[in-house]
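Chemist: Data: final.cif, mmCIF, N, CA and C atoms.
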data_final
loop_
_atom_site.label_atom_id
_atom_site.label_comp_id
_atom_site.auth_asym_id
_atom_site.auth_seq_id
_atom_site.Cartn_x
_atom_site.Cartn_y
_atom_site.Cartn_z
N MET A 1 6.96 22.92 -10.71
CA MET A 1 5.66 22.97 -10.08
C MET A 1 4.63 22.16 -10.87
N GLU A 2 4.63 22.35 -12.18
CA GLU A 2 3.69 21.61 -13.02
C GLU A 2 3.99 20.12 -12.98
N ASN A 3 5.27 19.77 -12.97
CA ASN A 3 5.69 18.39 -12.88
C ASN A 3 5.24 17.77 -11.54
N ALA A 4 5.36 18.53 -10.47
CA ALA A 4 4.95 18.04 -9.15
C ALA A 4 3.45 17.75 -9.11
N LEU A 5 2.67 18.64 -9.73
CA LEU A 5 1.21 18.43 -9.76
C LEU A 5 0.83 17.21 -10.59
N SER A 6 1.46 17.04 -11.73
CA SER A 6 1.11 15.89 -12.57
C SER A 6 1.53 14.57 -11.92
N LEU A 7 2.69 14.54 -11.29
CA LEU A 7 3.12 13.32 -10.60
C LEU A 7 2.22 13.02 -9.40
N THR A 8 1.80 14.07 -8.71
CA THR A 8 0.90 13.89 -7.57
C THR A 8 -0.47 13.39 -8.03
N LEU A 9 -0.96 13.92 -9.12
CA LEU A 9 -2.25 13.46 -9.66
C LEU A 9 -2.16 11.99 -10.10
N LEU A 10 -1.07 11.63 -10.71
CA LEU A 10 -0.88 10.23 -11.10
C LEU A 10 -0.83 9.32 -9.88
N LEU A 11 -0.19 9.78 -8.80
CA LEU A 11 -0.16 9.00 -7.56
C LEU A 11 -1.57 8.84 -6.99
N VAL A 12 -2.39 9.88 -7.06
CA VAL A 12 -3.78 9.78 -6.59
C VAL A 12 -4.53 8.70 -7.36
N ILE A 13 -4.36 8.68 -8.67
CA ILE A 13 -5.03 7.68 -9.50
C ILE A 13 -4.56 6.27 -9.13
N LEU A 14 -3.25 6.10 -8.96
CA LEU A 14 -2.72 4.79 -8.59
C LEU A 14 -3.17 4.37 -7.19
N GLU A 15 -3.25 5.32 -6.27
CA GLU A 15 -3.73 5.01 -4.92
C GLU A 15 -5.19 4.55 -4.95
N LEU A 16 -6.01 5.21 -5.78
CA LEU A 16 -7.41 4.79 -5.91
C LEU A 16 -7.51 3.40 -6.51
N PHE A 17 -6.67 3.10 -7.49
CA PHE A 17 -6.64 1.77 -8.09
C PHE A 17 -6.24 0.72 -7.05
N GLU A 18 -5.21 1.03 -6.28
CA GLU A 18 -4.75 0.10 -5.24
C GLU A 18 -5.83 -0.10 -4.17
N ALA A 19 -6.51 0.96 -3.80
CA ALA A 19 -7.58 0.85 -2.80
C ALA A 19 -8.73 0.00 -3.33
N MET A 20 -9.02 0.14 -4.63
CA MET A 20 -10.10 -0.65 -5.23
C MET A 20 -9.75 -2.14 -5.23
N ILE A 21 -8.50 -2.47 -5.51
CA ILE A 21 -8.07 -3.87 -5.55
C ILE A 21 -8.13 -4.49 -4.15
N GLN A 22 -7.78 -3.73 -3.12
CA GLN A 22 -7.64 -4.28 -1.78
C GLN A 22 -8.90 -4.13 -0.94
N ARG A 23 -9.93 -3.49 -1.41
CA ARG A 23 -11.12 -3.20 -0.62
C ARG A 23 -11.80 -4.49 -0.15
N ALA A 24 -12.12 -4.53 1.14
CA ALA A 24 -12.85 -5.64 1.76
C ALA A 24 -13.50 -5.12 3.04
N ASP A 25 -14.37 -5.94 3.62
CA ASP A 25 -15.09 -5.52 4.83
C ASP A 25 -14.25 -5.67 6.10
N THR A 26 -13.31 -6.62 6.10
CA THR A 26 -12.48 -6.87 7.28
C THR A 26 -11.02 -6.98 6.86
N LEU A 27 -10.14 -6.94 7.84
CA LEU A 27 -8.71 -7.12 7.56
C LEU A 27 -8.47 -8.52 7.00
N TYR A 28 -9.21 -9.49 7.49
CA TYR A 28 -9.09 -10.85 6.95
C TYR A 28 -9.46 -10.87 5.46
N GLY A 29 -10.48 -10.12 5.10
CA GLY A 29 -10.89 -10.05 3.70
C GLY A 29 -9.80 -9.46 2.82
N ILE A 30 -9.12 -8.44 3.32
CA ILE A 30 -8.02 -7.84 2.57
C ILE A 30 -6.89 -8.85 2.40
N ILE A 31 -6.53 -9.51 3.49
CA ILE A 31 -5.43 -10.48 3.44
C ILE A 31 -5.81 -11.65 2.55
N GLU A 32 -7.07 -12.08 2.60
CA GLU A 32 -7.53 -13.18 1.76
C GLU A 32 -7.46 -12.80 0.28
N ARG A 33 -7.86 -11.57 -0.03
CA ARG A 33 -7.82 -11.09 -1.41
C ARG A 33 -6.37 -11.03 -1.91
N LEU A 34 -5.47 -10.52 -1.07
CA LEU A 34 -4.06 -10.45 -1.45
C LEU A 34 -3.42 -11.84 -1.52
N TYR A 35 -3.92 -12.76 -0.71
CA TYR A 35 -3.40 -14.13 -0.74
C TYR A 35 -3.67 -14.79 -2.09
N GLY A 36 -4.78 -14.42 -2.71
CA GLY A 36 -5.06 -14.93 -4.05
C GLY A 36 -3.96 -14.57 -5.04
N TRP A 37 -3.47 -13.35 -4.94
CA TRP A 37 -2.35 -12.92 -5.79
C TRP A 37 -1.06 -13.62 -5.36
N TYR A 38 -0.89 -13.76 -4.06
CA TYR A 38 0.31 -14.40 -3.51
C TYR A 38 0.41 -15.86 -3.96
N GLN A 39 -0.74 -16.55 -4.01
CA GLN A 39 -0.75 -17.95 -4.44
C GLN A 39 -0.30 -18.10 -5.89
N LYS A 40 -0.71 -17.18 -6.73
CA LYS A 40 -0.32 -17.24 -8.14
C LYS A 40 1.17 -16.97 -8.29
N SER A 41 1.64 -15.91 -7.64
CA SER A 41 3.06 -15.56 -7.67
C SER A 41 3.28 -14.39 -6.73
N ILE A 42 4.37 -14.42 -6.02
CA ILE A 42 4.68 -13.30 -5.13
C ILE A 42 4.91 -12.03 -5.95
N PHE A 43 5.34 -12.20 -7.19
CA PHE A 43 5.56 -11.04 -8.05
C PHE A 43 4.23 -10.37 -8.41
N LEU A 44 3.17 -11.15 -8.54
CA LEU A 44 1.85 -10.56 -8.77
C LEU A 44 1.39 -9.77 -7.55
N LEU A 45 1.72 -10.27 -6.37
CA LEU A 45 1.39 -9.53 -5.15
C LEU A 45 2.10 -8.18 -5.15
N PHE A 46 3.35 -8.17 -5.57
CA PHE A 46 4.07 -6.90 -5.65
C PHE A 46 3.49 -6.00 -6.74
N LEU A 47 3.00 -6.58 -7.82
CA LEU A 47 2.45 -5.78 -8.91
C LEU A 47 1.13 -5.10 -8.55
N VAL A 48 0.37 -5.65 -7.59
CA VAL A 48 -0.87 -5.00 -7.19
C VAL A 48 -0.62 -3.87 -6.18
N HIS A 49 0.63 -3.48 -6.05
CA HIS A 49 1.03 -2.32 -5.25
C HIS A 49 1.78 -1.35 -6.16
N PRO A 50 1.10 -0.79 -7.18
CA PRO A 50 1.80 0.05 -8.15
C PRO A 50 2.34 1.35 -7.57
N THR A 51 1.76 1.82 -6.48
CA THR A 51 2.23 3.08 -5.91
C THR A 51 3.65 2.96 -5.38
N PHE A 52 4.01 1.79 -4.90
CA PHE A 52 5.38 1.59 -4.40
C PHE A 52 6.38 1.79 -5.53
N TYR A 53 6.10 1.18 -6.67
CA TYR A 53 7.01 1.31 -7.81
C TYR A 53 6.98 2.71 -8.40
N PHE A 54 5.82 3.34 -8.36
CA PHE A 54 5.72 4.70 -8.87
C PHE A 54 6.57 5.65 -8.03
N VAL A 55 6.52 5.51 -6.73
CA VAL A 55 7.33 6.37 -5.87
C VAL A 55 8.82 6.14 -6.13
N LEU A 56 9.21 4.89 -6.31
CA LEU A 56 10.61 4.61 -6.65
C LEU A 56 10.98 5.25 -7.99
N PHE A 57 10.06 5.19 -8.96
CA PHE A 57 10.29 5.83 -10.25
C PHE A 57 10.47 7.33 -10.08
N VAL A 58 9.62 7.95 -9.27
CA VAL A 58 9.71 9.40 -9.07
C VAL A 58 11.05 9.77 -8.44
N VAL A 59 11.52 8.97 -7.50
CA VAL A 59 12.82 9.24 -6.88
C VAL A 59 13.92 9.21 -7.94
N VAL A 60 13.90 8.21 -8.79
CA VAL A 60 14.94 8.09 -9.82
C VAL A 60 14.80 9.18 -10.88
N ALA A 61 13.57 9.44 -11.33
CA ALA A 61 13.34 10.40 -12.41
C ALA A 61 13.61 11.84 -12.00
N THR A 62 13.27 12.18 -10.75
CA THR A 62 13.42 13.57 -10.32
C THR A 62 14.69 13.81 -9.52
N ASP A 63 15.35 12.74 -9.13
CA ASP A 63 16.56 12.84 -8.30
C ASP A 63 16.28 13.57 -6.98
N VAL A 64 15.10 13.32 -6.44
CA VAL A 64 14.70 13.91 -5.16
C VAL A 64 14.59 12.79 -4.14
N LEU A 65 15.37 12.89 -3.09
CA LEU A 65 15.30 11.94 -1.99
C LEU A 65 15.45 12.71 -0.69
N ASN A 66 14.39 13.41 -0.35
CA ASN A 66 14.41 14.22 0.87
C ASN A 66 13.61 13.53 1.98
N PHE A 67 13.38 14.23 3.06
CA PHE A 67 12.70 13.68 4.23
C PHE A 67 11.32 13.13 3.86
N TYR A 68 10.52 13.89 3.11
CA TYR A 68 9.17 13.46 2.76
C TYR A 68 9.19 12.20 1.90
N MET A 69 10.12 12.15 0.96
CA MET A 69 10.22 10.99 0.08
C MET A 69 10.63 9.75 0.88
N ILE A 70 11.54 9.92 1.82
CA ILE A 70 11.97 8.79 2.66
C ILE A 70 10.80 8.30 3.52
N ILE A 71 9.99 9.22 4.01
CA ILE A 71 8.80 8.84 4.80
C ILE A 71 7.85 8.01 3.94
N ILE A 72 7.60 8.45 2.71
CA ILE A 72 6.70 7.71 1.82
C ILE A 72 7.25 6.31 1.56
N ILE A 73 8.52 6.23 1.20
CA ILE A 73 9.12 4.93 0.88
C ILE A 73 9.09 4.01 2.10
N ALA A 74 9.43 4.54 3.25
CA ALA A 74 9.45 3.72 4.47
C ALA A 74 8.05 3.19 4.79
N MET A 75 7.04 4.04 4.67
CA MET A 75 5.67 3.60 4.96
C MET A 75 5.19 2.58 3.93
N LYS A 76 5.55 2.77 2.68
CA LYS A 76 5.16 1.80 1.64
C LYS A 76 5.83 0.45 1.86
N VAL A 77 7.12 0.47 2.19
CA VAL A 77 7.83 -0.78 2.45
C VAL A 77 7.24 -1.49 3.67
N PHE A 78 7.00 -0.73 4.75
CA PHE A 78 6.41 -1.32 5.95
C PHE A 78 5.04 -1.92 5.64
N ASP A 79 4.21 -1.21 4.89
CA ASP A 79 2.88 -1.68 4.54
C ASP A 79 2.95 -2.98 3.74
N LEU A 80 3.80 -3.01 2.74
CA LEU A 80 3.92 -4.19 1.88
C LEU A 80 4.41 -5.41 2.65
N PHE A 81 5.44 -5.25 3.44
CA PHE A 81 5.98 -6.40 4.16
C PHE A 81 5.12 -6.80 5.35
N TYR A 82 4.37 -5.87 5.91
CA TYR A 82 3.41 -6.22 6.96
C TYR A 82 2.31 -7.12 6.38
N LYS A 83 1.84 -6.77 5.18
CA LYS A 83 0.82 -7.59 4.53
C LYS A 83 1.36 -8.98 4.20
N ILE A 84 2.60 -9.04 3.75
CA ILE A 84 3.21 -10.34 3.44
C ILE A 84 3.33 -11.19 4.70
N GLU A 85 3.73 -10.59 5.79
CA GLU A 85 3.84 -11.33 7.06
C GLU A 85 2.48 -11.79 7.55
N LEU A 86 1.45 -10.97 7.38
CA LEU A 86 0.09 -11.40 7.75
C LEU A 86 -0.36 -12.57 6.89
N ILE A 87 -0.09 -12.51 5.60
CA ILE A 87 -0.44 -13.62 4.70
C ILE A 87 0.27 -14.89 5.13
N ARG A 88 1.55 -14.78 5.43
CA ARG A 88 2.31 -15.96 5.85
C ARG A 88 1.78 -16.52 7.16
N ALA A 89 1.44 -15.65 8.11
CA ALA A 89 0.96 -16.12 9.41
C ALA A 89 -0.41 -16.79 9.28
N VAL A 90 -1.29 -16.20 8.51
CA VAL A 90 -2.67 -16.69 8.43
C VAL A 90 -2.81 -17.89 7.50
N PHE A 91 -2.21 -17.81 6.31
CA PHE A 91 -2.47 -18.82 5.29
C PHE A 91 -1.35 -19.84 5.11
N VAL A 92 -0.11 -19.45 5.34
CA VAL A 92 1.00 -20.37 5.10
C VAL A 92 1.32 -21.15 6.37
N LYS A 93 1.64 -20.44 7.46
CA LYS A 93 1.98 -21.11 8.72
C LYS A 93 0.74 -21.57 9.47
N LYS A 94 -0.37 -20.89 9.26
CA LYS A 94 -1.64 -21.16 9.96
C LYS A 94 -1.47 -21.10 11.48
N GLN A 95 -0.67 -20.15 11.92
CA GLN A 95 -0.45 -19.91 13.35
C GLN A 95 -0.78 -18.46 13.62
N VAL A 96 -2.01 -18.23 14.05
CA VAL A 96 -2.47 -16.88 14.29
C VAL A 96 -2.70 -16.70 15.79
N PRO A 97 -2.00 -15.76 16.42
CA PRO A 97 -2.26 -15.50 17.84
C PRO A 97 -3.71 -15.05 18.05
N VAL A 98 -4.22 -15.29 19.24
CA VAL A 98 -5.62 -15.01 19.55
C VAL A 98 -5.95 -13.53 19.33
N ASP A 99 -5.08 -12.64 19.78
CA ASP A 99 -5.36 -11.21 19.62
C ASP A 99 -5.35 -10.79 18.15
N LEU A 100 -4.48 -11.37 17.34
CA LEU A 100 -4.47 -11.07 15.92
C LEU A 100 -5.71 -11.64 15.24
N ALA A 101 -6.15 -12.81 15.64
CA ALA A 101 -7.37 -13.40 15.07
C ALA A 101 -8.58 -12.49 15.32
N ALA A 102 -8.64 -11.90 16.49
CA ALA A 102 -9.73 -10.98 16.79
C ALA A 102 -9.63 -9.71 15.92
N MET A 103 -8.42 -9.21 15.73
CA MET A 103 -8.23 -8.03 14.89
C MET A 103 -8.61 -8.28 13.44
N LEU A 104 -8.37 -9.49 12.97
CA LEU A 104 -8.68 -9.81 11.58
C LEU A 104 -10.17 -9.75 11.29
N GLN A 105 -11.00 -9.87 12.31
CA GLN A 105 -12.45 -9.85 12.12
C GLN A 105 -13.08 -8.48 12.30
N TRP A 106 -12.30 -7.49 12.69
CA TRP A 106 -12.84 -6.13 12.86
C TRP A 106 -13.35 -5.60 11.53
N ARG A 107 -14.45 -4.90 11.58
CA ARG A 107 -14.99 -4.25 10.38
C ARG A 107 -14.15 -3.02 10.05
N ILE A 108 -13.89 -2.82 8.78
CA ILE A 108 -13.11 -1.68 8.33
C ILE A 108 -14.06 -0.69 7.67
N PRO A 109 -14.07 0.57 8.14
CA PRO A 109 -14.95 1.56 7.51
C PRO A 109 -14.52 1.81 6.05
N SER A 110 -15.47 2.16 5.21
CA SER A 110 -15.17 2.33 3.79
C SER A 110 -14.22 3.48 3.54
N TRP A 111 -14.23 4.51 4.39
CA TRP A 111 -13.33 5.64 4.19
C TRP A 111 -11.88 5.27 4.48
N PHE A 112 -11.64 4.17 5.19
CA PHE A 112 -10.29 3.77 5.54
C PHE A 112 -9.42 3.53 4.30
N PHE A 113 -10.04 3.06 3.23
CA PHE A 113 -9.28 2.76 2.02
C PHE A 113 -8.83 4.02 1.29
N LEU A 114 -9.39 5.15 1.67
CA LEU A 114 -8.96 6.42 1.10
C LEU A 114 -7.83 7.06 1.91
N ALA A 115 -7.40 6.41 2.96
CA ALA A 115 -6.33 6.96 3.79
C ALA A 115 -5.05 7.15 2.99
N GLY A 116 -4.74 6.21 2.11
CA GLY A 116 -3.55 6.35 1.27
C GLY A 116 -3.66 7.53 0.33
N VAL A 117 -4.86 7.77 -0.18
CA VAL A 117 -5.08 8.90 -1.08
C VAL A 117 -4.92 10.22 -0.33
N LEU A 118 -5.29 10.23 0.93
CA LEU A 118 -5.19 11.45 1.73
C LEU A 118 -3.79 11.66 2.30
N LEU A 119 -3.01 10.60 2.42
CA LEU A 119 -1.69 10.70 3.05
C LEU A 119 -0.55 10.86 2.06
N TYR A 120 -0.43 9.97 1.10
CA TYR A 120 0.75 9.93 0.24
C TYR A 120 0.84 11.06 -0.78
N PRO A 121 -0.23 11.44 -1.48
CA PRO A 121 -0.09 12.53 -2.45
C PRO A 121 0.38 13.87 -1.85
N PRO A 122 -0.15 14.30 -0.70
CA PRO A 122 0.41 15.54 -0.13
C PRO A 122 1.89 15.41 0.23
N LEU A 123 2.28 14.26 0.75
CA LEU A 123 3.70 14.06 1.06
C LEU A 123 4.55 14.11 -0.20
N LEU A 124 4.04 13.50 -1.28
CA LEU A 124 4.79 13.54 -2.54
C LEU A 124 4.89 14.96 -3.07
N TYR A 125 3.80 15.70 -2.99
CA TYR A 125 3.81 17.08 -3.46
C TYR A 125 4.82 17.91 -2.66
N TYR A 126 4.82 17.76 -1.34
CA TYR A 126 5.79 18.48 -0.50
C TYR A 126 7.21 18.07 -0.81
N ALA A 127 7.39 16.80 -1.15
CA ALA A 127 8.74 16.33 -1.47
C ALA A 127 9.24 16.94 -2.78
N LEU A 128 8.33 17.20 -3.71
CA LEU A 128 8.75 17.68 -5.03
C LEU A 128 8.81 19.19 -5.17
N VAL A 129 8.19 19.92 -4.27
CA VAL A 129 8.27 21.41 -4.38
C VAL A 129 9.27 22.00 -3.42
#
Write the structure described by the file as structure tokens, please.

Modeler:
Amino acid sequence: MENALSLTLLLVILELFEAMIQRADTLYGIIERLYGWYQKSIFLLFLVHPTFYFVLFVVVATDVLNFYMIIIIAMKVFDLFYKIELIRAVFVKKQVPVDLAAMLQWRIPSWFFLAGVLLYPPLLYYALV
């Protein structure tokens, strides 16, 4: 129980760090910010997603791979590769469909960046208890 709380608290801290790095006013702003890391190295882009690696560490360290943990990993993988595909479409291929171009300009509310903090830590806690 104590281990679950400490790992969950550490995930909250990492989620806040990740949200701070990715914060922008629009989806285009987020993708543009991540593209800066992508230009330097794709490995740096992966490094600015520490929660993904932390969850993998928790799976290995605790030997827990249940439904909740699989949900977390699947959502993290989908999120990471969705961002990579958006970066490739917008900045590398420069072929953005009209509907996606409109979505990229939508304003993102500031509370949206806390969605990961509200979603992943409870799932991790449920996975560990």

Chemist: I need the residues of chain A that end up classed as helix (DSSP H, G or I) by DSSP on the backbone, written out as a PyMOL selection string.

Modeler: chain A and resi 2-22+27-40+42-47+50-62+67-92+98-104+110-128

Chemist: Could the residues of stretch 14-100 of chain A that have an atom at most 12 Å from stretch 106-126 of chain A be listed as a tab-separated table, each with its closest atom pair and the distance in Å to one decimal, counting only C-alpha atoms and ordered by chain and ascending residue number?

Modeler:
residue	atom	partner	partner_atom	distance
A:Leu14	CA	A:Val117	CA	8.9
A:Glu15	CA	A:Val117	CA	5.6
A:Leu16	CA	A:Val117	CA	6.8
A:Phe17	CA	A:Val117	CA	10.1
A:Glu18	CA	A:Phe113	CA	9.0
A:Ala19	CA	A:Phe113	CA	5.5
A:Met20	CA	A:Phe113	CA	8.1
A:Ile21	CA	A:Phe113	CA	10.1
A:Gln22	CA	A:Phe113	CA	8.2
A:Arg23	CA	A:Phe113	CA	6.8
A:Ala24	CA	A:Ile108	CA	7.7
A:Asp25	CA	A:Ile108	CA	5.6
A:Thr26	CA	A:Arg107	CA	4.8
A:Leu27	CA	A:Trp106	CA	6.8
A:Tyr28	CA	A:Trp106	CA	8.4
A:Gly29	CA	A:Arg107	CA	9.8
A:Ile30	CA	A:Ile108	CA	9.9
A:His49	CA	A:Gly116	CA	11.8
A:Thr51	CA	A:Tyr120	CA	9.3
A:Phe52	CA	A:Tyr120	CA	10.6
A:Phe54	CA	A:Leu124	CA	10.9
A:Val55	CA	A:Leu124	CA	8.3
A:Leu56	CA	A:Leu124	CA	11.4
A:Val58	CA	A:Leu124	CA	9.2
A:Val59	CA	A:Leu124	CA	10.1
A:Thr62	CA	A:Leu124	CA	11.6
A:Val64	CA	A:Leu124	CA	10.3
A:Leu65	CA	A:Leu124	CA	10.6
A:Asn66	CA	A:Tyr126	CA	9.7
A:Phe67	CA	A:Leu123	CA	9.5
A:Tyr68	CA	A:Leu123	CA	5.8
A:Met69	CA	A:Leu124	CA	6.5
A:Ile70	CA	A:Leu123	CA	9.9
A:Ile71	CA	A:Leu123	CA	8.2
A:Ile72	CA	A:Tyr120	CA	6.5
A:Ile73	CA	A:Tyr120	CA	9.8
A:Ala74	CA	A:Tyr120	CA	11.5
A:Met75	CA	A:Tyr120	CA	9.3
A:Lys76	CA	A:Tyr120	CA	9.4
A:Asp79	CA	A:Gly116	CA	10.8
A:Asp99	CA	A:Trp106	CA	11.3
A:Leu100	CA	A:Trp106	CA	10.2

Chemist: Figure out the distance between atom CA of A:Glu32 and atom CA of A:Ile87, please, to one decimal in Å.

Modeler: 7.7 Å

Chemist: Suppose a student applies the PyMOL selection byres (((chain A and resi 90 and name CA) around 12) and name CA) to this structure; what residues should they get, written as a list of chain:residue names?

Modeler: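 Taken on the displayed file, the PyMOL selection byres (((chain A and resi 90 and name CA) around 12) and name CA) yields the residues A:Leu27, A:Tyr28, A:Gly29, A:Ile30, A:Ile31, A:Glu32, A:Leu34, A:Tyr35, A:Lys83, A:Ile84, A:Glu85, A:Leu86, A:Ile87, A:Arg88, A:Ala89, A:Phe91, A:Val92, A:Lys93, A:Lys94, A:Gln95, A:Val96, A:Pro97, A:Val98, A:Leu100, A:Ala101, A:Leu104.
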
Chemist: Around stretch 100-119 of chain A, with edges along x, y and z and 4 Å added on all six sides, what centre and edge lengths do you get, in Å to one decimal, as JSON?

Modeler:
{"center_x": -8.0, "center_y": -0.9, "center_z": 8.1, "size_x": 22.9, "size_y": 33.1, "size_z": 26.4}

Chemist: Enter the distance from atom C of A:Ala61 to atom C of A:Phe78, in Å, rounded to one decimal.

Modeler: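 Calculated distance between atom C of A:Ala61 and atom C of A:Phe78 is 24.0 Å.
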